[in-house]
>>> print(open('query.csv').read())   # CSV, C-alpha atoms
chain,number,residue,atom,x,y,z
W,162,MET,CA,263.3,111.2,83.1
W,163,VAL,CA,263.4,111.8,86.8
W,164,LYS,CA,260.5,112.0,89.3
W,165,VAL,CA,261.2,114.6,92.0
W,166,LEU,CA,259.0,114.5,95.1
W,167,CYS,CA,259.2,117.7,97.1
W,168,VAL,CA,257.6,118.2,100.6
W,169,LEU,CA,257.1,121.8,101.7
W,170,TYR,CA,255.1,123.5,104.4
W,171,GLU,CA,251.6,124.7,103.8
W,172,ASP,CA,250.8,128.1,102.2
W,173,PRO,CA,249.7,131.0,104.5
W,174,VAL,CA,246.2,130.7,105.9
W,175,ALA,CA,245.2,133.8,103.9
W,176,GLY,CA,246.6,132.5,100.7
W,177,TYR,CA,249.9,132.8,98.8
W,178,PRO,CA,251.2,136.4,99.0
W,179,ARG,CA,250.6,138.8,96.2
W,180,SER,CA,252.9,141.4,97.7
W,181,TYR,CA,255.6,141.5,100.3
W,182,ALA,CA,256.6,143.9,103.1
W,183,ARG,CA,259.9,144.8,101.4
W,184,ASP,CA,260.8,145.3,97.7
W,185,ASP,CA,264.2,143.6,97.8
W,186,LEU,CA,266.9,141.8,99.8
W,187,PRO,CA,270.3,143.1,100.8
W,188,THR,CA,273.1,141.6,98.8
W,189,VAL,CA,275.2,139.1,100.7
W,190,GLU,CA,278.6,138.5,99.0
W,191,GLY,CA,279.7,135.4,100.9
W,192,TYR,CA,279.6,133.5,104.1
W,193,PRO,CA,282.1,134.1,107.0
W,194,GLY,CA,285.2,131.9,106.5
W,195,GLY,CA,285.1,132.3,102.7
W,196,GLN,CA,282.5,129.7,101.5
W,197,THR,CA,280.6,131.1,98.6
W,198,LEU,CA,276.9,131.3,98.4
W,199,PRO,CA,275.0,128.8,96.2
W,200,THR,CA,276.0,129.1,92.5
W,201,PRO,CA,273.4,127.6,90.3
W,202,ARG,CA,273.5,128.3,86.6
W,203,ALA,CA,270.3,130.3,86.9
W,204,ILE,CA,267.3,130.8,89.2
W,205,ASP,CA,263.6,131.1,88.2
W,206,PHE,CA,262.4,133.1,91.2
W,207,THR,CA,262.8,136.6,92.7
W,208,PRO,CA,264.8,136.7,95.9
W,209,GLY,CA,262.5,137.7,98.7
W,210,GLU,CA,259.5,135.6,97.5
W,211,LEU,CA,257.9,132.9,99.7
W,212,LEU,CA,259.6,129.9,98.2
W,213,GLY,CA,259.4,127.4,101.1
W,214,SER,CA,255.7,126.8,101.0
W,215,VAL,CA,253.8,124.5,98.6
W,216,SER,CA,253.0,127.3,96.0
W,217,GLY,CA,256.5,128.6,96.1
W,218,GLU,CA,257.9,125.2,94.9
W,219,LEU,CA,261.4,126.3,95.8
W,220,GLY,CA,261.3,128.0,92.3
W,221,LEU,CA,262.0,124.6,90.7
W,222,ARG,CA,259.1,123.8,88.4
W,223,LYS,CA,260.2,125.7,85.3
W,224,PHE,CA,263.8,124.3,85.6
W,225,LEU,CA,262.8,120.6,86.1
W,226,GLU,CA,259.9,120.5,83.7
W,227,GLY,CA,261.9,122.3,81.1
W,228,LEU,CA,264.3,119.3,81.2
W,229,GLY,CA,261.4,116.8,80.9
W,230,HIS,CA,261.4,115.8,84.6
W,231,THR,CA,258.4,115.5,86.9
W,232,LEU,CA,258.0,117.6,90.0
W,233,LEU,CA,255.4,116.8,92.6
W,234,VAL,CA,255.0,119.2,95.5
W,235,THR,CA,252.9,118.5,98.7
W,236,ALA,CA,252.6,119.3,102.3
W,237,ASP,CA,250.8,116.0,103.0
W,238,LYS,CA,253.6,113.9,104.6
W,239,ASP,CA,252.8,112.1,107.8
W,240,SER,CA,249.9,109.7,107.7
W,241,ALA,CA,250.1,106.2,106.2
W,242,GLY,CA,248.0,107.3,103.3
W,243,SER,CA,249.7,110.7,102.7
W,244,MET,CA,250.7,111.9,99.3
W,245,PHE,CA,254.3,111.6,100.3
W,246,GLU,CA,253.9,107.8,101.0
W,247,ARG,CA,251.8,107.2,97.9
W,248,GLU,CA,254.3,108.9,95.6
W,249,LEU,CA,257.6,107.8,97.3
W,250,PRO,CA,257.9,104.2,95.9
W,251,ASP,CA,258.9,105.4,92.4
W,252,ALA,CA,260.5,108.8,93.2
W,253,GLU,CA,264.2,109.1,92.4
W,254,ILE,CA,264.8,112.3,94.3
W,255,VAL,CA,263.1,113.5,97.5
W,256,ILE,CA,263.4,117.1,98.7
W,257,SER,CA,262.3,118.2,102.2
W,258,GLN,CA,262.9,121.0,104.7
W,259,PRO,CA,263.7,120.7,108.4
W,260,PHE,CA,260.8,123.0,109.2
W,261,TRP,CA,258.2,120.5,107.8
W,262,PRO,CA,260.3,117.4,107.5
W,263,ALA,CA,259.3,114.4,105.4
W,264,TYR,CA,260.7,111.7,107.8
W,265,LEU,CA,262.6,109.2,105.7
W,266,THR,CA,262.6,106.3,108.1
W,267,ALA,CA,264.2,103.0,107.3
W,268,GLU,CA,260.8,101.6,106.4
W,269,ARG,CA,260.1,104.4,103.9
W,270,ILE,CA,263.6,104.1,102.4
W,271,ALA,CA,263.0,100.3,102.0
W,272,SER,CA,259.8,101.0,100.1
W,273,ALA,CA,261.4,103.5,97.7
W,274,SER,CA,263.0,101.2,95.2
W,275,ARG,CA,264.1,104.0,92.8
W,276,LEU,CA,265.2,106.5,95.4
W,277,LYS,CA,268.8,107.7,94.9
W,278,LEU,CA,269.0,111.3,96.4
W,279,ALA,CA,267.5,113.0,99.4
W,280,VAL,CA,268.0,116.7,99.6
W,281,THR,CA,267.5,118.9,102.6
W,282,ALA,CA,266.4,122.4,101.6
W,283,GLY,CA,268.2,124.1,104.4
W,284,ILE,CA,270.6,122.4,107.0
W,285,GLY,CA,270.1,119.5,109.3
W,286,SER,CA,269.3,116.1,107.8
W,287,ASP,CA,268.3,114.1,110.9
W,288,HIS,CA,264.8,113.6,109.5
W,289,VAL,CA,266.5,111.0,107.3
W,290,ASP,CA,267.6,107.7,108.8
W,291,LEU,CA,271.2,108.3,107.9
W,292,GLN,CA,272.2,104.7,108.7
W,293,ALA,CA,269.5,103.2,106.4
W,294,ALA,CA,270.4,105.7,103.7
W,295,ALA,CA,274.1,104.7,103.8
W,296,GLU,CA,273.2,101.0,103.8
W,297,LYS,CA,271.0,101.5,100.7
W,298,GLY,CA,273.7,103.6,98.9
W,299,LEU,CA,271.6,106.8,98.9
W,300,THR,CA,273.2,110.2,98.6
W,301,VAL,CA,272.0,112.7,101.2
W,302,ALA,CA,272.8,116.4,100.7
W,303,GLU,CA,271.9,119.7,102.3
W,304,VAL,CA,272.5,123.3,101.6
W,305,THR,CA,275.2,123.8,104.3
W,306,TYR,CA,275.5,127.4,105.7
W,307,SER,CA,272.5,128.7,103.7
W,308,ASN,CA,270.6,129.7,106.8
W,309,SER,CA,273.2,129.5,109.6
W,310,ILE,CA,273.3,133.2,110.1
W,311,SER,CA,269.5,133.4,110.0
W,312,VAL,CA,269.4,130.9,113.0
W,313,SER,CA,272.1,132.7,114.9
W,314,GLU,CA,270.2,136.0,114.7
W,315,HIS,CA,267.1,134.1,116.0
W,316,VAL,CA,269.1,132.7,118.9
W,317,VAL,CA,270.1,136.2,120.1
W,318,MET,CA,266.5,137.4,119.8
W,319,LEU,CA,265.3,134.5,121.9
W,320,ILE,CA,267.9,135.0,124.6
W,321,LEU,CA,267.0,138.6,125.0
W,322,SER,CA,263.3,137.8,124.9
W,323,LEU,CA,263.6,135.4,127.8
W,324,VAL,CA,266.0,137.4,129.9
W,325,ARG,CA,264.2,140.7,129.5
W,326,ASN,CA,260.7,139.0,129.8
W,327,TYR,CA,259.6,140.5,126.5
W,328,ILE,CA,256.8,138.1,125.6
W,329,PRO,CA,254.6,138.7,128.8
W,330,SER,CA,255.3,142.4,128.6
W,331,TYR,CA,254.1,142.5,125.0
W,332,GLN,CA,251.0,140.6,126.0
W,333,TRP,CA,250.1,143.3,128.6
W,334,VAL,CA,250.0,145.8,125.8
W,335,ILE,CA,247.8,143.6,123.6
W,336,ASP,CA,245.5,143.1,126.6
W,337,GLY,CA,245.2,146.9,127.1
W,338,GLY,CA,247.2,147.0,130.3
W,339,TRP,CA,250.1,149.0,131.7
W,340,ASN,CA,251.3,146.6,134.4
W,341,ILE,CA,254.9,147.6,134.7
W,342,ALA,CA,255.6,145.6,137.9
W,343,ASP,CA,254.3,142.4,136.3
W,344,CYS,CA,256.5,143.0,133.3
W,345,VAL,CA,259.7,143.5,135.2
W,346,ALA,CA,259.2,141.0,138.0
W,347,ARG,CA,261.0,138.4,135.9
W,348,SER,CA,263.2,140.8,133.8
W,349,TYR,CA,267.0,141.0,134.1
W,350,ASP,CA,270.0,142.4,132.2
W,351,LEU,CA,272.0,140.1,130.0
W,352,GLU,CA,275.1,142.1,130.8
W,353,GLY,CA,277.6,140.2,133.0
W,354,MET,CA,275.9,136.8,132.6
W,355,ALA,CA,277.8,133.7,131.5
W,356,VAL,CA,276.4,132.4,128.2
W,357,GLY,CA,277.4,129.1,126.7
W,358,THR,CA,276.8,127.2,123.5
W,359,VAL,CA,276.6,123.4,123.2
W,360,GLY,CA,278.0,123.1,119.7
W,361,ALA,CA,280.3,125.7,118.1
W,362,GLY,CA,280.0,125.0,114.4
W,363,ARG,CA,278.9,127.6,112.0
W,364,ILE,CA,275.7,128.5,113.9
W,365,GLY,CA,277.3,128.3,117.4
W,366,THR,CA,280.3,130.4,116.5
W,367,ALA,CA,278.0,133.0,114.8
W,368,VAL,CA,276.0,133.2,118.0
W,369,LEU,CA,279.2,133.7,120.1
W,370,ARG,CA,280.3,136.5,117.8
W,371,ARG,CA,276.9,138.2,118.0
W,372,LEU,CA,276.8,138.0,121.8
W,373,ASN,CA,280.3,139.2,122.4
W,374,PRO,CA,279.4,142.9,122.3
W,375,PHE,CA,276.8,142.4,125.1
W,376,ASP,CA,279.7,142.2,127.7
W,377,VAL,CA,278.9,138.7,128.7
W,378,ARG,CA,281.3,135.8,129.6
W,379,LEU,CA,281.3,133.3,126.8
W,380,HIS,CA,281.6,129.5,127.1
W,381,TYR,CA,281.4,126.7,124.6
W,382,THR,CA,281.7,123.0,124.2
W,383,ASP,CA,282.2,121.1,120.9
W,384,ARG,CA,283.9,117.9,119.8
W,385,HIS,CA,286.0,120.0,117.5
W,386,ARG,CA,287.8,122.7,119.5
W,387,LEU,CA,288.0,126.2,117.9
W,388,PRO,CA,291.3,127.7,116.9
W,389,GLU,CA,293.2,129.4,119.7
W,390,GLU,CA,293.0,132.7,117.9
W,391,VAL,CA,289.2,132.6,117.9
W,392,GLU,CA,289.2,131.7,121.6
W,393,ARG,CA,291.4,134.7,122.4
W,394,GLU,CA,289.5,137.0,120.1
W,395,LEU,CA,286.1,136.3,121.8
W,396,GLY,CA,287.4,135.5,125.3
W,397,LEU,CA,286.0,132.0,125.2
W,398,THR,CA,286.2,129.4,127.9
W,399,PHE,CA,286.3,125.8,126.5
W,400,HIS,CA,284.6,122.9,128.3
W,401,ALA,CA,285.2,119.3,127.5
W,402,ASP,CA,281.6,118.4,127.9
W,403,ALA,CA,278.1,119.8,128.3
W,404,GLU,CA,278.0,119.0,132.0
W,405,SER,CA,280.9,121.2,132.8
W,406,LEU,CA,279.5,124.0,130.7
W,407,VAL,CA,275.9,124.1,132.1
W,408,HIS,CA,277.3,124.2,135.6
W,409,GLU,CA,278.9,127.6,134.9
W,410,CYS,CA,276.3,129.3,132.6
W,411,ASP,CA,273.3,131.5,133.2
W,412,VAL,CA,272.1,131.1,129.6
W,413,VAL,CA,272.7,127.9,127.5
W,414,THR,CA,272.0,127.8,123.8
W,415,ILE,CA,272.0,124.5,121.9
W,416,ASN,CA,273.6,124.5,118.4
W,417,THR,CA,274.6,121.0,117.8
W,418,PRO,CA,273.2,118.5,115.3
W,419,LEU,CA,270.8,115.7,116.3
W,420,HIS,CA,272.2,112.2,116.1
W,421,PRO,CA,272.3,109.3,118.5
W,422,GLU,CA,275.0,110.9,120.7
W,423,THR,CA,273.0,114.1,121.3
W,424,GLU,CA,269.5,112.6,121.4
W,425,HIS,CA,267.8,113.5,124.8
W,426,MET,CA,271.1,115.1,126.0
W,427,PHE,CA,269.2,117.6,128.1
W,428,ASP,CA,267.4,115.2,130.4
W,429,ASP,CA,266.5,115.6,134.1
W,430,ALA,CA,270.0,114.7,135.2
W,431,LEU,CA,271.7,117.4,133.0
W,432,ILE,CA,269.1,120.0,133.7
W,433,GLN,CA,269.6,119.5,137.4
W,434,LYS,CA,273.3,120.4,137.0
W,435,MET,CA,272.4,123.8,135.5
W,436,LYS,CA,272.2,126.9,137.7
W,437,ARG,CA,268.7,127.3,139.2
W,438,GLY,CA,267.0,130.0,137.2
W,439,ALA,CA,269.1,129.4,134.1
W,440,TYR,CA,267.7,130.0,130.6
W,441,LEU,CA,267.8,127.4,127.8
W,442,VAL,CA,267.4,128.2,124.1
W,443,ASN,CA,267.2,125.5,121.5
W,444,THR,CA,267.1,126.2,117.8
W,445,ALA,CA,269.0,123.0,116.9
W,446,ARG,CA,266.6,120.0,117.2
W,447,GLY,CA,263.8,119.4,119.6
W,448,LYS,CA,264.8,115.8,120.3
W,449,ILE,CA,268.1,117.0,121.8
W,450,CYS,CA,266.0,117.8,124.8
W,451,ASP,CA,263.8,115.4,126.8
W,452,ARG,CA,260.3,116.8,126.2
W,453,ASP,CA,258.9,116.2,129.7
W,454,ALA,CA,262.1,117.0,131.5
W,455,ILE,CA,261.9,120.6,130.1
W,456,ALA,CA,258.3,121.0,131.2
W,457,ARG,CA,259.1,119.7,134.7
W,458,ALA,CA,262.1,122.1,135.0
W,459,LEU,CA,260.0,125.1,134.1
W,460,GLU,CA,257.2,124.1,136.5
W,461,SER,CA,259.7,123.6,139.4
W,462,GLY,CA,261.7,126.8,138.7
W,463,GLN,CA,264.9,125.0,137.9
W,464,LEU,CA,264.7,126.7,134.5
W,465,ALA,CA,263.6,130.3,134.4
W,466,GLY,CA,262.7,130.1,130.7
W,467,TYR,CA,262.9,127.9,127.7
W,468,ALA,CA,262.7,129.2,124.1
W,469,GLY,CA,263.2,127.9,120.6
W,470,ASP,CA,261.5,126.8,117.4
W,471,VAL,CA,262.4,123.2,117.2
W,472,TRP,CA,260.1,120.4,118.3
W,473,PHE,CA,259.9,116.6,117.9
W,474,PRO,CA,258.1,115.5,115.9
W,475,GLN,CA,257.3,118.4,113.5
W,476,PRO,CA,254.6,119.5,113.3
W,477,ALA,CA,254.1,119.0,117.0
W,478,PRO,CA,250.9,117.4,118.2
W,479,ARG,CA,248.4,119.9,119.5
W,480,ASP,CA,248.7,118.4,123.1
W,481,HIS,CA,252.5,118.7,123.1
W,482,PRO,CA,253.5,120.0,126.6
W,483,TRP,CA,255.7,122.7,125.2
W,484,ARG,CA,252.7,124.5,124.0
W,485,SER,CA,251.3,125.0,127.5
W,486,MET,CA,254.3,124.9,129.9
W,487,PRO,CA,255.1,128.1,131.8
W,488,HIS,CA,257.7,130.7,130.9
W,489,HIS,CA,258.4,129.5,127.4
W,490,GLY,CA,259.0,131.4,124.1
W,491,MET,CA,258.3,128.7,121.6
W,492,THR,CA,257.3,129.3,117.9
W,493,PRO,CA,256.9,126.9,115.0
W,494,HIS,CA,260.2,126.1,113.3
W,495,VAL,CA,260.9,129.4,111.6
W,496,SER,CA,264.4,130.5,112.5
W,497,GLY,CA,266.1,129.2,109.3
W,498,THR,CA,263.3,129.9,106.8
W,499,SER,CA,263.2,133.7,106.7
W,500,LEU,CA,262.5,135.0,103.2
W,501,SER,CA,266.3,135.9,103.1
W,502,ALA,CA,267.3,132.4,103.9
W,503,GLN,CA,264.8,130.9,101.5
W,504,ALA,CA,266.5,132.6,98.6
W,505,ARG,CA,269.8,131.0,99.5
W,506,TYR,CA,268.6,127.5,100.2
W,507,ALA,CA,266.3,127.4,97.1
W,508,ALA,CA,269.3,128.4,95.0
W,509,GLY,CA,271.4,125.7,96.8
W,510,VAL,CA,268.8,123.0,96.1
W,511,ARG,CA,268.9,124.0,92.4
W,512,GLU,CA,272.7,123.8,92.4
W,513,ILE,CA,272.6,120.3,94.0
W,514,LEU,CA,270.0,119.2,91.4
W,515,GLU,CA,272.0,120.6,88.5
W,516,CYS,CA,275.1,118.7,89.7
W,517,TRP,CA,273.1,115.5,90.1
W,518,LEU,CA,271.3,115.6,86.8
W,519,ASP,CA,274.6,116.4,85.0
W,520,ALA,CA,276.4,113.7,86.9
W,521,ARG,CA,278.9,116.3,88.2
W,522,PRO,CA,280.3,116.2,91.7
W,523,MET,CA,278.5,118.5,94.1
W,524,ARG,CA,280.3,120.5,96.8
W,525,GLU,CA,281.9,118.5,99.5
W,526,GLU,CA,280.3,120.7,102.2
W,527,TYR,CA,276.8,119.8,100.9
W,528,LEU,CA,277.3,116.1,101.3
W,529,ILE,CA,275.9,114.2,104.4
W,530,VAL,CA,275.9,110.6,103.1
W,531,GLU,CA,277.6,109.3,100.0
W,532,GLY,CA,279.0,106.0,98.9
W,533,GLY,CA,277.6,104.1,101.8
W,534,ALA,CA,279.0,106.3,104.6
W,535,LEU,CA,278.9,109.7,106.2
W,536,ALA,CA,280.7,112.1,104.0
W,537,GLY,CA,281.6,115.8,103.7
W,538,ALA,CA,279.7,117.9,106.3
W,539,GLY,CA,278.0,114.8,107.5
W,540,ALA,CA,281.3,113.1,108.5
W,541,HIS,CA,282.2,116.2,110.5
W,542,SER,CA,278.9,116.8,112.2
W,543,TYR,CA,277.1,113.5,112.7
W,544,SER,CA,277.6,110.0,114.1
W,545,ALA,CA,276.3,106.9,112.5
W,546,GLY,CA,272.8,105.8,113.5
W,547,ASP,CA,269.2,106.9,113.4
W,548,ALA,CA,267.2,109.6,115.2
W,549,THR,CA,263.9,109.3,113.4
W,550,GLY,CA,262.2,107.0,115.9
W,551,GLY,CA,258.8,108.4,117.1
W,552,SER,CA,258.4,110.7,114.1
W,553,GLU,CA,255.1,109.0,113.2
W,554,GLU,CA,253.5,111.0,116.1
W,555,ALA,CA,253.5,114.0,113.8
W,556,ALA,CA,250.4,112.5,112.1
W,557,ARG,CA,248.5,113.5,115.3
W,558,PHE,CA,248.8,117.2,114.5
W,559,SER,CA,246.3,117.0,111.6
W,560,GLU,CA,244.0,114.9,113.8
W,561,GLY,CA,243.6,117.6,116.5
>>> encode(input="query.csv", output="structure tokens")
Amino acid sequence: MVKVLCVLYEDPVAGYPRSYARDDLPTVEGYPGGQTLPTPRAIDFTPGELLGSVSGELGLRKFLEGLGHTLLVTADKDSAGSMFERELPDAEIVISQPFWPAYLTAERIASASRLKLAVTAGIGSDHVDLQAAAEKGLTVAEVTYSNSISVSEHVVMLILSLVRNYIPSYQWVIDGGWNIADCVARSYDLEGMAVGTVGAGRIGTAVLRRLNPFDVRLHYTDRHRLPEEVERELGLTFHADAESLVHECDVVTINTPLHPETEHMFDDALIQKMKRGAYLVNTARGKICDRDAIARALESGQLAGYAGDVWFPQPAPRDHPWRSMPHHGMTPHVSGTSLSAQARYAAGVREILECWLDARPMREEYLIVEGGALAGAGAHSYSAGDATGGSEEAARFSEG
């Protein structure tokens, strides 16, 4: 029988919900481009439930225990004595989310003698040392596309929040004020601005499509150029690299995976090539940006605003400078874990587990590493190497 170790974020402070704001979810028939939604044989949860926290268990317990397998679920993941580290050595399958990642470093992989499969409940598997996973022959899989649209909607929200100065204006209401001049002193129209995405995969392209009706000028860069018909349809300007793109854009959104080639891409040098007063939105991965360079750019005015929900490490230490820097719109990592998205990625995790336990091939688009190399979506999106260095700093969150 198989031991499955699942790391999920903590339950709500007030306790696991007994009711929800809505009674149901809209039916989504498929993803843009034709990929079907996850197709497990069955699910043991109600779509719209909180599945991504510890008590939600991704709806997996009845399924796994009914087959005689063991499921352990914890949020305790970062310290040397965490439940994750204690239980990892004899686990065959590890499940984690990008929002509360269980960092599978080379050292942890080496300690896990029985580990064969690492599953990301969601998309983005950079919390796994992909090089070490390949060298050990592990399979790494994620539920590709399950929350891409969720994230793209979040990007549009953040862009508008920054440009229209929404967050400070809301705060005046909370504080009992009516200070219109203060609200609008940093408020602009998005109309007519040049908006660019670094990365135009599923999320980046969805962002471009959602921004097109705002009468903006759209730019993108990606190592895989989009088809000509898409460029014509959306009026896109292609750039060969990020440096060219940021020079032209008033708003830049980051939608590229984290790997050694993109780690700390947005450093002091690249940020200085941006327009003064540009806005930067990052819902991809925190480590794509140099932490201190972002804070410096906001303090100097080189950036007019920075927003996103991705940090490094996660959870971010309580003294992380992004918590206190000016003109930011940061939240915990929530863009891809709406209740709608959870229903899809929980179903996708079950589909992956069904395939694995039945020794059936899983979908090519779910594969990140297989057979000692990047595979499937991983071969398209990542480069070989490791981006987990420094993740041990997450342990400081619980110490604060």
>>> residues_around(input="query.csv", residues="Ala538 (chain W)", least_positions_apart="2", cutoff="6 Å", atoms="all atoms listed in the file", output="list in words")
Glu526, Leu528, Ile529, Ala540 and His541 of chain W
>>> write_last_selection(input="query.csv", atoms="C-alpha atoms", output="PDB file, keeping the file's coordinate frame")
ATOM      1  CA  GLU W 526     280.300 120.700 102.200  1.00  0.00           C
ATOM      2  CA  LEU W 528     277.300 116.100 101.300  1.00  0.00           C
ATOM      3  CA  ILE W 529     275.900 114.200 104.400  1.00  0.00           C
ATOM      4  CA  ALA W 540     281.300 113.100 108.500  1.00  0.00           C
ATOM      5  CA  HIS W 541     282.200 116.200 110.500  1.00  0.00           C
TER       6      HIS W 541
END
>>> closest_atom_pairs(input="query.csv", of="region 449-532 of chain W", to="region 309-333 of chain W", cutoff="10 Å", atoms="only C-alpha atoms", output="tab-separated table")
residue	atom	partner	partner_atom	distance
W:Ala465	CA	W:Leu323	CA	8.3
W:Gly466	CA	W:Leu323	CA	6.1
W:Tyr467	CA	W:Leu323	CA	7.5
W:Ala468	CA	W:Leu319	CA	6.3
W:Gly469	CA	W:Leu319	CA	7.0
W:Asp470	CA	W:His315	CA	9.3
W:His488	CA	W:Leu323	CA	8.2
W:His489	CA	W:Leu323	CA	7.9
W:Gly490	CA	W:Leu323	CA	7.1
W:Met491	CA	W:Leu319	CA	9.1
W:Val495	CA	W:Val312	CA	8.7
W:Ser496	CA	W:Val312	CA	5.0
W:Gly497	CA	W:Val312	CA	5.2
W:Thr498	CA	W:Ser311	CA	7.8
W:Ser499	CA	W:Ser311	CA	7.1
W:Leu500	CA	W:Ser311	CA	9.9
W:Ser501	CA	W:Ser311	CA	8.0
W:Ala502	CA	W:Ser311	CA	6.6
>>> closest_residue(input="query.csv", among="W:Ala555, W:Ala267, W:Ala439, W:Ala175", to="Tyr349 (chain W)", atoms="all atoms listed in the file")
W:Ala439
>>> residues_around(input="query.csv", residues="Pro482 (chain W)", least_positions_apart="6", cutoff="12 Å", atoms="all atoms listed in the file", output="MDAnalysis selection string")
chainID W and resid 451:457 459:460 472:473 489 491
>>> closest_residue(input="query.csv", among="W:Val168, W:Ala203, W:Ala458, W:Val510", to="Met486 (chain W)", atoms="only C-alpha atoms")
W:Ala458
>>> closest_residue(input="query.csv", among="W:Asp287, W:Asp185, W:Glu226, W:Asp350", to="Ser552 (chain W)", atoms="all atoms listed in the file")
W:Asp287
>>> closest_residue(input="query.csv", among="W:Leu518, W:Ala294, W:Val356, W:Ile284", to="Thr417 (chain W)", atoms="only C-alpha atoms")
W:Ile284
>>> atom_distance(input="query.csv", atom1="CA of Glu296 (chain W)", atom2="CA of Ile270 (chain W)")
10.2 Å
>>> closest_residue(input="query.csv", among="W:Glu525, W:Ala548, W:Phe260, W:Glu352", to="Thr492 (chain W)", atoms="only C-alpha atoms")
W:Phe260
>>> atom_distance(input="query.csv", atom1="CA of Ser243 (chain W)", atom2="CA of Ala263 (chain W)")
10.6 Å
>>> atom_distance(input="query.csv", atom1="CA of Leu221 (chain W)", atom2="CA of Ser240 (chain W)")
25.6 Å
>>> residues_around(input="query.csv", residues="Leu431 (chain W)", least_positions_apart="3", cutoff="9 Å", atoms="only C-alpha atoms", output="list in words")
Ala403, Glu404, Val407, Met426, Phe427, Asp428, Lys434 and Met435 of chain W
>>> write_last_selection(input="query.csv", atoms="C-alpha atoms", output="PDB file, keeping the file's coordinate frame")
ATOM      1  CA  ALA W 403     278.100 119.800 128.300  1.00  0.00           C
ATOM      2  CA  GLU W 404     278.000 119.000 132.000  1.00  0.00           C
ATOM      3  CA  VAL W 407     275.900 124.100 132.100  1.00  0.00           C
ATOM      4  CA  MET W 426     271.100 115.100 126.000  1.00  0.00           C
ATOM      5  CA  PHE W 427     269.200 117.600 128.100  1.00  0.00           C
ATOM      6  CA  ASP W 428     267.400 115.200 130.400  1.00  0.00           C
ATOM      7  CA  LYS W 434     273.300 120.400 137.000  1.00  0.00           C
ATOM      8  CA  MET W 435     272.400 123.800 135.500  1.00  0.00           C
TER       9      MET W 435
END
>>> residues_around(input="query.csv", residues="region 378-392 of chain W", least_positions_apart="6", cutoff="10 Å", atoms="only C-alpha atoms", output="PyMOL selection string")
chain W and resi 352-362+365-366+369-370+372+398-407+409-414+416-417+541-542
>>> residues_around(input="query.csv", residues="Gln258 (chain W)", least_positions_apart="4", cutoff="8 Å", atoms="all atoms listed in the file", output="PyMOL selection string")
chain W and resi 168-169+262-263+281-283
>>> closest_residue(input="query.csv", among="W:Thr266, W:Gln292, W:Ser272, W:Ser180", to="Glu248 (chain W)", atoms="only C-alpha atoms")
W:Ser272
>>> closest_atom_pairs(input="query.csv", of="region 210-273 of chain W", to="region 298-305 of chain W", cutoff="12 Å", atoms="only C-alpha atoms", output="CSV")
residue,atom,partner,partner_atom,distance
W:Glu253,CA,W:Leu299,CA,10.1
W:Ile254,CA,W:Thr300,CA,9.7
W:Val255,CA,W:Val301,CA,9.7
W:Ile256,CA,W:Glu303,CA,9.6
W:Ser257,CA,W:Glu303,CA,9.7
W:Gln258,CA,W:Glu303,CA,9.4
W:Pro259,CA,W:Glu303,CA,10.3
W:Leu265,CA,W:Val301,CA,11.0
W:Ala267,CA,W:Leu299,CA,11.8
W:Ile270,CA,W:Leu299,CA,9.1
W:Ala271,CA,W:Leu299,CA,11.2
W:Ala273,CA,W:Leu299,CA,10.8
>>> write_last_selection(input="query.csv", atoms="C-alpha atoms", output="short mmCIF file (atom, residue, chain, number, x, y, z; two decimals), in the coordinates of the input")
data_model
loop_
_atom_site.label_atom_id
_atom_site.label_comp_id
_atom_site.auth_asym_id
_atom_site.auth_seq_id
_atom_site.Cartn_x
_atom_site.Cartn_y
_atom_site.Cartn_z
CA GLU W 253 264.20 109.10 92.40
CA ILE W 254 264.80 112.30 94.30
CA VAL W 255 263.10 113.50 97.50
CA ILE W 256 263.40 117.10 98.70
CA SER W 257 262.30 118.20 102.20
CA GLN W 258 262.90 121.00 104.70
CA PRO W 259 263.70 120.70 108.40
CA LEU W 265 262.60 109.20 105.70
CA ALA W 267 264.20 103.00 107.30
CA ILE W 270 263.60 104.10 102.40
CA ALA W 271 263.00 100.30 102.00
CA ALA W 273 261.40 103.50 97.70
#
